[in-house]
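Asker: What follows is query-v1.cif, mmCIF, C-alpha atoms and all ligand atoms.
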data_data
#
loop_
_atom_site.label_atom_id
_atom_site.label_comp_id
_atom_site.auth_asym_id
_atom_site.auth_seq_id
_atom_site.Cartn_x
_atom_site.Cartn_y
_atom_site.Cartn_z
CA MET D 504 -15.25 -32.43 -12.21
CA SER D 505 -13.89 -29.18 -13.72
CA ASN D 506 -13.83 -28.52 -17.47
CA GLN D 507 -10.05 -28.77 -17.44
CA GLN D 508 -10.06 -32.38 -16.32
CA VAL D 509 -9.16 -35.07 -18.86
CA THR D 510 -10.97 -38.38 -18.46
CA LEU D 511 -9.32 -41.68 -19.32
CA THR D 512 -11.72 -42.15 -22.24
CA GLN D 513 -10.79 -38.76 -23.71
CA PHE D 514 -7.09 -39.47 -23.16
CA ILE D 515 -7.24 -42.82 -24.96
CA ILE D 516 -9.39 -41.59 -27.84
CA GLU D 517 -7.03 -38.65 -28.39
CA GLN D 518 -4.00 -40.99 -28.33
CA GLN D 519 -5.65 -43.42 -30.75
CA ARG D 520 -6.56 -40.60 -33.18
CA GLY D 521 -2.87 -40.28 -33.97
CA LEU D 522 -2.69 -43.91 -35.18
CA PRO D 523 -3.68 -44.47 -38.83
CA ASP D 524 -5.03 -48.03 -38.34
CA ALA D 525 -6.91 -47.50 -35.07
CA SER D 526 -10.45 -48.91 -35.37
CA GLY D 527 -11.69 -48.26 -31.84
CA THR D 528 -11.30 -51.91 -30.80
CA PHE D 529 -8.46 -51.16 -28.41
CA THR D 530 -10.40 -48.26 -26.87
CA LEU D 531 -13.35 -50.61 -26.30
CA LEU D 532 -11.11 -53.26 -24.74
CA LEU D 533 -9.52 -50.79 -22.36
CA ASN D 534 -12.91 -49.39 -21.51
CA ASN D 535 -14.11 -52.89 -20.57
CA ILE D 536 -11.06 -53.52 -18.39
CA VAL D 537 -11.68 -50.20 -16.66
CA THR D 538 -15.36 -51.05 -16.09
CA ALA D 539 -14.31 -54.33 -14.46
CA CYS D 540 -11.80 -52.52 -12.27
CA LYS D 541 -14.44 -50.03 -11.10
CA GLN D 542 -16.62 -52.96 -10.06
CA ILE D 543 -13.66 -54.56 -8.27
CA SER D 544 -12.89 -51.24 -6.58
CA HIS D 545 -16.46 -51.13 -5.28
CA ARG D 546 -16.29 -54.70 -3.88
CA VAL D 547 -12.88 -54.09 -2.27
CA ASN D 548 -14.14 -50.85 -0.74
CA CYS D 549 -17.24 -52.46 0.75
CA GLY D 550 -15.20 -55.38 2.15
CA ALA D 551 -16.80 -56.97 5.17
CA LEU D 552 -20.05 -55.06 4.59
CA ILE D 553 -20.87 -57.32 1.66
CA GLY D 554 -19.19 -60.47 3.01
CA VAL D 555 -16.42 -60.70 0.41
CA LEU D 556 -13.43 -61.01 2.77
CA GLY D 557 -11.79 -64.25 3.90
CA SER D 558 -10.64 -67.42 2.17
CA ALA D 559 -12.57 -69.62 -0.21
CA GLU D 560 -12.25 -73.38 0.15
CA SER D 561 -10.12 -73.74 -2.97
CA GLU D 562 -6.58 -73.39 -4.33
CA ASN D 563 -5.47 -71.67 -7.55
CA VAL D 564 -3.14 -73.13 -10.18
CA GLN D 565 -0.13 -72.09 -8.10
CA GLY D 566 -1.40 -74.20 -5.18
CA GLU D 567 -2.15 -71.02 -3.19
CA VAL D 568 -5.29 -70.81 -1.05
CA GLN D 569 -7.73 -68.54 -2.89
CA LYS D 570 -9.42 -65.63 -1.21
CA LYS D 571 -13.12 -65.18 -1.93
CA LEU D 572 -12.18 -61.97 -3.70
CA ASP D 573 -9.68 -63.80 -5.96
CA ILE D 574 -12.59 -65.76 -7.39
CA ILE D 575 -15.06 -62.86 -7.46
CA THR D 576 -12.61 -60.50 -9.18
CA ASN D 577 -11.61 -63.14 -11.73
CA ASP D 578 -15.29 -63.60 -12.65
CA ILE D 579 -15.77 -59.84 -12.92
CA MET D 580 -12.85 -59.54 -15.35
CA VAL D 581 -13.97 -62.47 -17.50
CA LYS D 582 -17.60 -61.31 -17.70
CA ALA D 583 -16.58 -57.73 -18.54
CA LEU D 584 -14.35 -58.88 -21.39
CA ASP D 585 -15.62 -62.06 -23.04
CA TRP D 586 -18.53 -60.53 -24.99
CA SER D 587 -16.78 -57.52 -26.53
CA GLY D 588 -15.43 -59.00 -29.77
CA SER D 589 -12.06 -57.38 -29.07
CA LEU D 590 -10.37 -60.48 -27.64
CA GLY D 591 -9.13 -63.76 -29.08
CA GLY D 592 -8.69 -65.13 -25.57
CA MET D 593 -7.63 -64.37 -22.01
CA ALA D 594 -5.37 -65.80 -19.34
CA SER D 595 -5.70 -65.27 -15.60
CA GLU D 596 -3.59 -66.02 -12.56
CA GLU D 597 -6.56 -67.89 -11.17
CA ILE D 598 -7.16 -70.25 -14.11
CA ASN D 599 -4.81 -72.95 -15.37
CA ASP D 600 -5.47 -72.83 -19.12
CA PRO D 601 -6.27 -69.93 -21.45
CA ILE D 602 -9.88 -68.76 -21.09
CA LYS D 603 -11.81 -69.21 -24.33
CA ILE D 604 -14.26 -66.69 -25.75
CA PRO D 605 -17.76 -68.23 -25.62
CA LYS D 606 -18.98 -69.46 -29.02
CA GLN D 607 -21.84 -66.95 -29.24
CA TYR D 608 -19.42 -63.99 -29.30
CA PRO D 609 -17.05 -62.86 -32.07
CA LYS D 610 -13.31 -63.16 -31.51
CA GLY D 611 -11.01 -60.17 -31.83
CA LYS D 612 -7.44 -59.13 -32.36
CA TYR D 613 -6.09 -58.88 -28.81
CA LEU D 614 -5.14 -61.18 -25.95
CA VAL D 615 -5.27 -60.04 -22.35
CA LEU D 616 -3.46 -61.60 -19.40
CA PHE D 617 -4.32 -60.50 -15.87
CA ASP D 618 -3.88 -60.97 -12.18
CA PRO D 619 -7.36 -59.91 -11.01
CA LEU D 620 -6.36 -59.22 -7.40
CA ASP D 621 -2.66 -59.00 -6.71
CA GLY D 622 -1.58 -58.88 -3.07
CA SER D 623 -4.81 -60.57 -2.04
CA SER D 624 -3.27 -61.94 1.16
CA ASN D 625 -3.45 -58.27 2.25
CA ILE D 626 -7.17 -57.99 1.74
CA ASP D 627 -8.30 -59.06 5.19
CA ILE D 628 -6.06 -56.45 6.85
CA ASN D 629 -7.35 -53.62 4.65
CA MET D 630 -4.07 -52.95 2.86
CA THR D 631 -3.60 -51.91 -0.77
CA VAL D 632 -4.28 -54.53 -3.44
CA GLY D 633 -4.57 -54.23 -7.22
CA THR D 634 -5.39 -55.62 -10.65
CA ILE D 635 -2.54 -56.02 -13.17
CA PHE D 636 -3.05 -56.53 -16.90
CA SER D 637 -1.05 -57.01 -20.08
CA ILE D 638 -2.37 -56.74 -23.65
CA LEU D 639 -0.86 -58.53 -26.66
CA ARG D 640 -1.95 -58.74 -30.27
CA CYS D 641 -3.58 -61.90 -31.54
CA ARG D 642 -3.92 -63.26 -35.07
CA GLU D 643 -7.55 -62.57 -35.93
CA GLY D 644 -10.02 -65.42 -36.16
CA ILE D 645 -7.86 -68.08 -34.46
CA GLU D 646 -8.72 -70.03 -31.32
CA PRO D 647 -5.58 -69.14 -29.37
CA GLU D 648 -3.67 -72.00 -27.74
CA THR D 649 -1.26 -71.61 -24.82
CA GLU D 650 1.60 -71.17 -27.32
CA ASP D 651 -0.08 -68.05 -28.75
CA PHE D 652 0.16 -66.34 -25.35
CA LEU D 653 3.84 -67.14 -24.77
CA ARG D 654 5.32 -63.97 -26.21
CA ARG D 655 8.09 -61.75 -24.96
CA GLY D 656 7.20 -58.68 -22.90
CA THR D 657 8.58 -56.49 -25.69
CA GLU D 658 5.48 -57.49 -27.72
CA GLN D 659 3.00 -55.95 -25.25
CA VAL D 660 0.87 -53.20 -26.77
CA CYS D 661 -0.38 -51.98 -23.42
CA ALA D 662 0.14 -52.69 -19.74
CA GLY D 663 -1.45 -51.29 -16.66
CA PHE D 664 -2.49 -51.77 -13.10
CA VAL D 665 -5.27 -50.48 -10.91
CA LEU D 666 -4.44 -49.82 -7.29
CA TYR D 667 -7.21 -50.13 -4.70
CA GLY D 668 -5.73 -47.98 -1.93
CA PRO D 669 -6.82 -44.80 -0.17
CA SER D 670 -7.68 -43.69 -3.74
CA THR D 671 -8.35 -46.03 -6.64
CA MET D 672 -5.76 -45.31 -9.32
CA LEU D 673 -5.02 -46.59 -12.81
CA VAL D 674 -1.46 -46.53 -14.12
CA LEU D 675 -1.14 -47.14 -17.85
CA THR D 676 1.32 -47.36 -20.70
CA THR D 677 0.81 -47.98 -24.40
CA GLY D 678 4.51 -47.45 -25.08
CA ASN D 679 4.32 -43.66 -25.01
CA GLY D 680 5.28 -42.95 -21.42
CA VAL D 681 3.31 -43.68 -18.26
CA ASN D 682 0.25 -41.84 -17.04
CA GLY D 683 -1.72 -42.11 -13.80
CA PHE D 684 -5.47 -41.60 -13.41
CA THR D 685 -7.43 -41.24 -10.17
CA LEU D 686 -10.98 -42.58 -9.90
CA ASP D 687 -13.45 -39.82 -9.09
CA GLN D 688 -15.84 -42.00 -7.08
CA ASP D 689 -18.71 -39.48 -7.35
CA VAL D 690 -18.60 -39.24 -11.14
CA GLY D 691 -17.35 -42.79 -11.79
CA GLU D 692 -14.58 -41.62 -14.14
CA PHE D 693 -10.81 -42.03 -14.05
CA ILE D 694 -9.25 -38.55 -14.32
CA LEU D 695 -5.70 -37.88 -15.54
CA THR D 696 -3.83 -36.75 -12.41
CA HIS D 697 -0.24 -37.97 -12.95
CA CYS D 698 1.10 -37.01 -16.40
CA ASN D 699 4.20 -38.63 -17.85
CA MET D 700 5.44 -40.28 -14.65
CA LYS D 701 9.25 -40.55 -14.36
CA ILE D 702 11.22 -42.58 -11.83
CA PRO D 703 14.18 -40.75 -10.25
CA GLU D 704 17.40 -42.42 -11.44
CA ASP D 705 18.92 -42.53 -7.96
CA SER D 706 17.35 -43.60 -4.72
CA SER D 707 18.06 -44.60 -1.14
CA GLU D 708 15.05 -46.85 -0.56
CA PHE D 709 14.80 -50.59 -1.07
CA ALA D 710 12.00 -53.14 -0.77
CA ILE D 711 12.69 -56.82 -0.14
CA ASN D 712 11.27 -59.52 2.10
CA MET D 713 14.15 -59.72 4.61
CA SER D 714 12.85 -62.97 6.08
CA ASN D 715 14.24 -64.75 2.99
CA GLN D 716 17.75 -63.37 3.56
CA ARG D 717 19.40 -66.71 4.28
CA PHE D 718 18.33 -68.02 0.86
CA TRP D 719 19.61 -65.11 -1.24
CA GLU D 720 22.40 -65.41 -3.78
CA PRO D 721 25.67 -63.48 -3.09
CA PRO D 722 24.96 -60.48 -5.43
CA VAL D 723 21.65 -59.71 -3.70
CA LYS D 724 23.15 -60.29 -0.28
CA ARG D 725 25.99 -57.89 -1.14
CA TYR D 726 23.62 -55.17 -2.40
CA ILE D 727 21.37 -55.32 0.65
CA ASP D 728 24.31 -55.57 3.10
CA GLU D 729 25.74 -52.39 1.57
CA CYS D 730 22.37 -50.59 1.87
CA VAL D 731 21.98 -51.68 5.49
CA ALA D 732 25.54 -50.56 6.32
CA GLY D 733 24.41 -47.03 5.41
CA GLU D 734 26.83 -44.14 6.01
CA ASP D 735 29.40 -46.49 7.51
CA GLY D 736 29.50 -48.79 4.46
CA PRO D 737 30.77 -48.53 0.86
CA ARG D 738 27.67 -46.59 -0.30
CA GLY D 739 28.40 -43.79 2.21
CA LYS D 740 24.70 -42.95 2.70
CA ASN D 741 21.77 -44.23 4.71
CA PHE D 742 18.95 -46.24 3.11
CA ASN D 743 15.33 -46.65 4.07
CA MET D 744 13.34 -49.89 3.72
CA ARG D 745 9.69 -50.57 2.81
CA TRP D 746 7.82 -53.87 2.26
CA VAL D 747 4.09 -53.73 1.61
CA ALA D 748 3.93 -57.32 0.22
CA SER D 749 1.73 -56.00 -2.58
CA LEU D 750 3.50 -55.50 -5.90
CA VAL D 751 1.11 -52.81 -7.13
CA ALA D 752 1.75 -50.69 -4.04
CA GLU D 753 5.54 -51.13 -4.28
CA VAL D 754 5.60 -50.22 -7.99
CA TYR D 755 3.36 -47.22 -7.43
CA ARG D 756 5.66 -45.94 -4.68
CA ILE D 757 8.71 -46.42 -6.92
CA LEU D 758 7.02 -44.60 -9.81
CA ASN D 759 6.46 -41.65 -7.50
CA ARG D 760 9.67 -41.37 -5.48
CA GLY D 761 12.11 -43.97 -6.82
CA GLY D 762 13.58 -46.97 -5.07
CA VAL D 763 14.17 -50.63 -5.87
CA PHE D 764 11.99 -53.68 -5.40
CA LEU D 765 13.53 -57.13 -5.28
CA TYR D 766 11.90 -60.54 -5.24
CA PRO D 767 15.10 -62.23 -6.32
CA HIS D 768 16.07 -65.74 -7.27
CA ASP D 769 16.68 -67.64 -4.05
CA LEU D 770 17.93 -71.06 -3.10
CA ARG D 771 14.85 -72.31 -1.23
CA ASP D 772 13.25 -74.46 -3.87
CA PRO D 773 15.16 -75.18 -7.12
CA SER D 774 11.83 -75.77 -8.94
CA LYS D 775 10.85 -72.11 -8.29
CA PRO D 776 13.23 -69.58 -9.87
CA GLY D 777 11.32 -66.74 -8.21
CA LYS D 778 7.95 -66.02 -6.66
CA LEU D 779 6.33 -63.61 -9.07
CA ARG D 780 4.71 -64.53 -12.36
CA LEU D 781 6.28 -63.41 -15.64
CA MET D 782 3.27 -62.92 -17.88
CA TYR D 783 0.82 -61.01 -15.71
CA GLU D 784 3.04 -59.51 -13.01
CA ALA D 785 6.66 -59.03 -14.15
CA ASN D 786 6.05 -58.21 -17.85
CA PRO D 787 3.38 -55.52 -17.40
CA MET D 788 5.33 -53.95 -14.53
CA ALA D 789 8.54 -54.07 -16.61
CA PHE D 790 6.82 -52.29 -19.51
CA ILE D 791 5.57 -49.58 -17.14
CA ILE D 792 8.86 -49.23 -15.25
CA GLU D 793 10.96 -48.97 -18.44
CA GLN D 794 8.53 -46.45 -19.95
CA ALA D 795 9.00 -44.36 -16.79
CA GLY D 796 12.79 -44.43 -17.16
CA GLY D 797 13.54 -47.27 -14.74
CA LEU D 798 14.93 -50.77 -15.29
CA CYS D 799 13.56 -54.25 -14.72
CA SER D 800 15.67 -57.39 -14.68
CA THR D 801 16.03 -60.87 -13.23
CA GLY D 802 19.52 -59.72 -12.18
CA ARG D 803 20.92 -61.54 -15.20
CA GLU D 804 18.46 -60.79 -18.02
CA ARG D 805 16.09 -57.99 -19.00
CA ILE D 806 12.57 -59.11 -18.03
CA LEU D 807 11.02 -57.90 -21.31
CA ASP D 808 13.44 -60.08 -23.34
CA LEU D 809 12.53 -63.37 -21.63
CA LYS D 810 10.88 -65.99 -23.86
CA PRO D 811 8.08 -67.41 -21.71
CA ASN D 812 7.76 -71.18 -21.37
CA SER D 813 4.39 -71.28 -19.62
CA ILE D 814 1.56 -68.91 -18.78
CA HIS D 815 2.18 -69.21 -15.05
CA GLN D 816 6.00 -69.14 -15.20
CA ARG D 817 7.72 -67.59 -12.18
CA VAL D 818 10.76 -65.31 -12.48
CA PRO D 819 13.11 -63.39 -10.21
CA LEU D 820 12.14 -59.72 -10.32
CA ILE D 821 14.30 -56.67 -9.64
CA LEU D 822 12.95 -53.29 -10.69
CA GLY D 823 13.14 -49.58 -10.03
CA SER D 824 15.51 -46.63 -10.20
CA LYS D 825 17.91 -47.00 -13.11
CA ASN D 826 21.22 -46.51 -11.31
CA GLU D 827 20.33 -48.87 -8.45
CA VAL D 828 19.11 -51.66 -10.75
CA GLU D 829 22.24 -51.23 -12.90
CA ARG D 830 24.34 -51.67 -9.77
CA ILE D 831 22.50 -54.88 -8.84
CA ILE D 832 22.94 -56.22 -12.40
CA ALA D 833 26.68 -55.39 -12.21
CA TYR D 834 26.95 -57.35 -8.94
CA HIS D 835 25.36 -60.35 -10.70
CA GLN D 836 27.87 -60.02 -13.58
CA GLN D 837 30.79 -59.93 -11.14
CA ASP D 838 29.51 -63.01 -9.28
P1 LIG B 1 -0.51 -62.52 -2.80
O1 LIG B 1 -1.32 -62.10 -4.01
O2 LIG B 1 -0.57 -63.98 -2.52
O3 LIG B 1 -0.78 -61.68 -1.59
O4 LIG B 1 1.02 -62.26 -3.22
C1 LIG B 1 1.45 -60.97 -3.45
C2 LIG B 1 2.70 -61.02 -4.26
O5 LIG B 1 2.53 -61.79 -5.42
C3 LIG B 1 3.20 -59.62 -4.63
O6 LIG B 1 2.18 -58.69 -4.84
C4 LIG B 1 4.11 -59.25 -3.46
O7 LIG B 1 5.11 -58.37 -3.86
C5 LIG B 1 4.68 -60.58 -3.01
O8 LIG B 1 3.75 -61.58 -3.46
C6 LIG B 1 4.82 -60.66 -1.52
O9 LIG B 1 5.42 -61.85 -1.19
P2 LIG B 1 5.73 -62.29 0.35
O10 LIG B 1 4.42 -62.66 0.95
O11 LIG B 1 6.66 -63.46 0.19
O12 LIG B 1 6.38 -61.14 1.02
#
With the file now loaded, output its structure as structure tokens.

Answerer:
Amino acid sequence: MSNQQVTLTQFIIEQQRGLPDASGTFTLLLNNIVTACKQISHRVNCGALIGVLGSAESENVQGEVQKKLDIITNDIMVKALDWSGSLGGMASEEINDPIKIPKQYPKGKYLVLFDPLDGSSNIDINMTVGTIFSILRCREGIEPETEDFLRRGTEQVCAGFVLYGPSTMLVLTTGNGVNGFTLDQDVGEFILTHCNMKIPEDSSEFAINMSNQRFWEPPVKRYIDECVAGEDGPRGKNFNMRWVASLVAEVYRILNRGGVFLYPHDLRDPSKPGKLRLMYEANPMAFIIEQAGGLCSTGRERILDLKPNSIHQRVPLILGSKNEVERIIAYHQQD
């Protein structure tokens, strides 16, 4: 590590210094999240060597079969965070109700919501997975109920994700732009490597699960048909397609070279307006994407403006390069 390198801890402390009311609680919370993610990174890296791959014999609250690592990573997050005194409560993709802070520990002024291992169906094939988190403020001293978590994405004070890929990376926003940090595995520190990330406004790359095509609504069908028509169609240029089936990997790609990601509303099951979860997938990604100059929408509404109705609510999700997402929104308005 050279003297020039800025660690995540230094970066956060320097950012917090500018805030008159900063007490160090937020820095501690973030530090604990990062410690958990380093532990997760280690487990994911070791994979089959330590017997953590494969499915557990259980389902999560969404009725999805849990991977062993879904359970392990959830426990790592909870244990890294519950003692710190910085949290009033937590919510996880893997647990139905809010997770309470054990009685022996003090309660603090933040709430954290997380998906401990997003894209976990990729884990057995050694593809990129990640942890996504969203931090909200909490009234101090209360025992937060579900209702206390159900706040619009605009109220997030911080959002981030850690990507366990060829490198382990943390992407973070506190509402002052987006920065990327790479884990130096030898030193055990996240180092600032991607300053002030900005998404190109235009793009010719889209990501969507094409196997759902027959269920799409007309505006999405129109957008994708026009991309696929390439030079011969109304867009007059060729498009490329990617689908990793891991939101963290798709968002990271878009942050670096632009593009759009769609998991749109579809007509398969009227009880499910989308696949992805608002509070610990769509909201944190929307905060990051908007801070990097992109847009994030359901097609009809801005994600960050949605009033949540449950912790595990699903929403349609369309995000990425500004001009492409604006086009998709316009197609929804014309529908
Ligand atoms: P898993 O965590 O079950 O692998 O789901 C991943 C995910 O929530 C998101 O990361 C992907 O973008 C999306 O689902 C992939 O969905 P499909 O499997 O329908 O392509």

Asker: Need to verify the contact set: Glu517 of chain D, 12 Å, all atoms listed in the file, exclusion of same-chain residues closer than 6 positions in sequence. Can you return it as an MDAnalysis selection string?

Answerer: chainID D and resid 509:511 525 527 530

Asker: Got a sec to check which residues lie within 8 Å of ligand LIG 1 (chain B), using only C-alpha atoms and all ligand atoms, and send them as a ChimeraX atom specification?

Answerer: /D:567,620-625,632,711-712,746-751,753,766,778-780,784

Asker: I'd like a table as a Markdown table: residues in segment 785-824 of chain D with an atom no more than 10 Å from segment 706-710 of chain D, each row giving the shortest atom pair and its distance in Å to one decimal, all atoms listed in the file counted, sorted by chain and rising residue number.

Answerer:
| residue | atom | partner | partner_atom | distance |
| --- | --- | --- | --- | --- |
| D:Ile821 | CA | D:Ala710 | CA | 9.8 |
| D:Leu822 | CA | D:Ala710 | CA | 10.0 |
| D:Gly823 | CA | D:Ser706 | CA | 9.0 |
| D:Ser824 | CA | D:Ser706 | CA | 6.5 |

Asker: What is the atom CA of Ala583 of chain D-atom CA of Asp651 of chain D distance in Å, reported with one decimal?

Answerer: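 Interatomic distance, atom CA of Ala583 of chain D to atom CA of Asp651 of chain D: 22.0 Å.
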
Asker: Mind pulling up the distance from atom CA of Thr538 of chain D to atom CA of Asn629 of chain D?

Answerer: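 The value is 22.4 Å.
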
Asker: Can you find the residues with an atom no farther than 6 Å from (-3.7, -57.1, -10.0), counting all atoms listed in the file, and report them as a ChimeraX atom specification?

Answerer: /D:618-621,633-635

Asker: Using all atoms listed in the file, can you tell me which of D:Val564, D:Met593, D:Ala539, D:Gln508 comes closest to Ile579 of chain D?

Answerer: D:Ala539

Asker: Out of D:Ser714, D:Thr576, D:Ser561, D:Ser544, which residue has the shortest atom-to-atom distance to Thr685 of chain D when counting all atoms listed in the file?

Answerer: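 Ranking D:Ser714, D:Thr576, D:Ser561, D:Ser544 by distance to Thr685 of chain D, first place goes to D:Ser544.
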
Asker: Keeping N, CA and C atoms (and nothing else), can you write segment 588-605 of chain D of this structure as a CSV table (one decimal), in the first residue's frame?

Answerer:
chain,number,residue,atom,x,y,z
D,588,GLY,N,-24.3,-0.4,19.2
D,588,GLY,CA,-25.0,0.8,19.8
D,588,GLY,C,-25.3,1.8,18.7
D,589,SER,N,-25.0,1.5,17.5
D,589,SER,CA,-25.3,2.5,16.4
D,589,SER,C,-26.7,2.3,15.8
D,590,LEU,N,-27.3,1.1,16.0
D,590,LEU,CA,-28.5,0.7,15.3
D,590,LEU,C,-29.7,0.6,16.3
D,591,GLY,N,-30.9,1.1,15.7
D,591,GLY,CA,-32.1,0.8,16.4
D,591,GLY,C,-32.7,-0.5,16.0
D,592,GLY,N,-32.4,-1.0,14.9
D,592,GLY,CA,-32.8,-2.3,14.4
D,592,GLY,C,-32.3,-2.5,13.0
D,593,MET,N,-32.6,-3.7,12.5
D,593,MET,CA,-32.1,-4.1,11.2
D,593,MET,C,-33.2,-4.9,10.4
D,594,ALA,N,-33.1,-5.0,9.1
D,594,ALA,CA,-34.0,-5.8,8.3
D,594,ALA,C,-33.2,-6.5,7.3
D,595,SER,N,-33.5,-7.8,7.0
D,595,SER,CA,-32.7,-8.6,6.1
D,595,SER,C,-33.6,-9.3,5.1
D,596,GLU,N,-33.1,-9.5,3.9
D,596,GLU,CA,-33.9,-10.3,2.9
D,596,GLU,C,-34.3,-11.6,3.5
D,597,GLU,N,-33.4,-12.2,4.3
D,597,GLU,CA,-33.6,-13.5,4.8
D,597,GLU,C,-34.5,-13.7,6.0
D,598,ILE,N,-34.9,-12.6,6.6
D,598,ILE,CA,-35.7,-12.7,7.8
D,598,ILE,C,-37.0,-11.9,7.6
D,599,ASN,N,-38.1,-12.5,8.1
D,599,ASN,CA,-39.5,-11.9,7.8
D,599,ASN,C,-39.7,-10.6,8.5
D,600,ASP,N,-39.4,-10.5,9.8
D,600,ASP,CA,-39.7,-9.3,10.6
D,600,ASP,C,-38.4,-8.6,10.9
D,601,PRO,N,-38.5,-7.3,11.3
D,601,PRO,CA,-37.3,-6.6,11.7
D,601,PRO,C,-36.5,-7.3,12.7
D,602,ILE,N,-35.2,-7.2,12.7
D,602,ILE,CA,-34.3,-7.9,13.6
D,602,ILE,C,-34.1,-7.0,14.8
D,603,LYS,N,-34.4,-7.4,16.0
D,603,LYS,CA,-34.3,-6.5,17.1
D,603,LYS,C,-32.8,-6.5,17.7
D,604,ILE,N,-32.4,-5.4,18.3
D,604,ILE,CA,-31.1,-5.4,18.9
D,604,ILE,C,-31.3,-6.1,20.3
D,605,PRO,N,-30.4,-7.1,20.6
D,605,PRO,CA,-30.5,-7.8,21.9
D,605,PRO,C,-30.5,-6.8,23.0
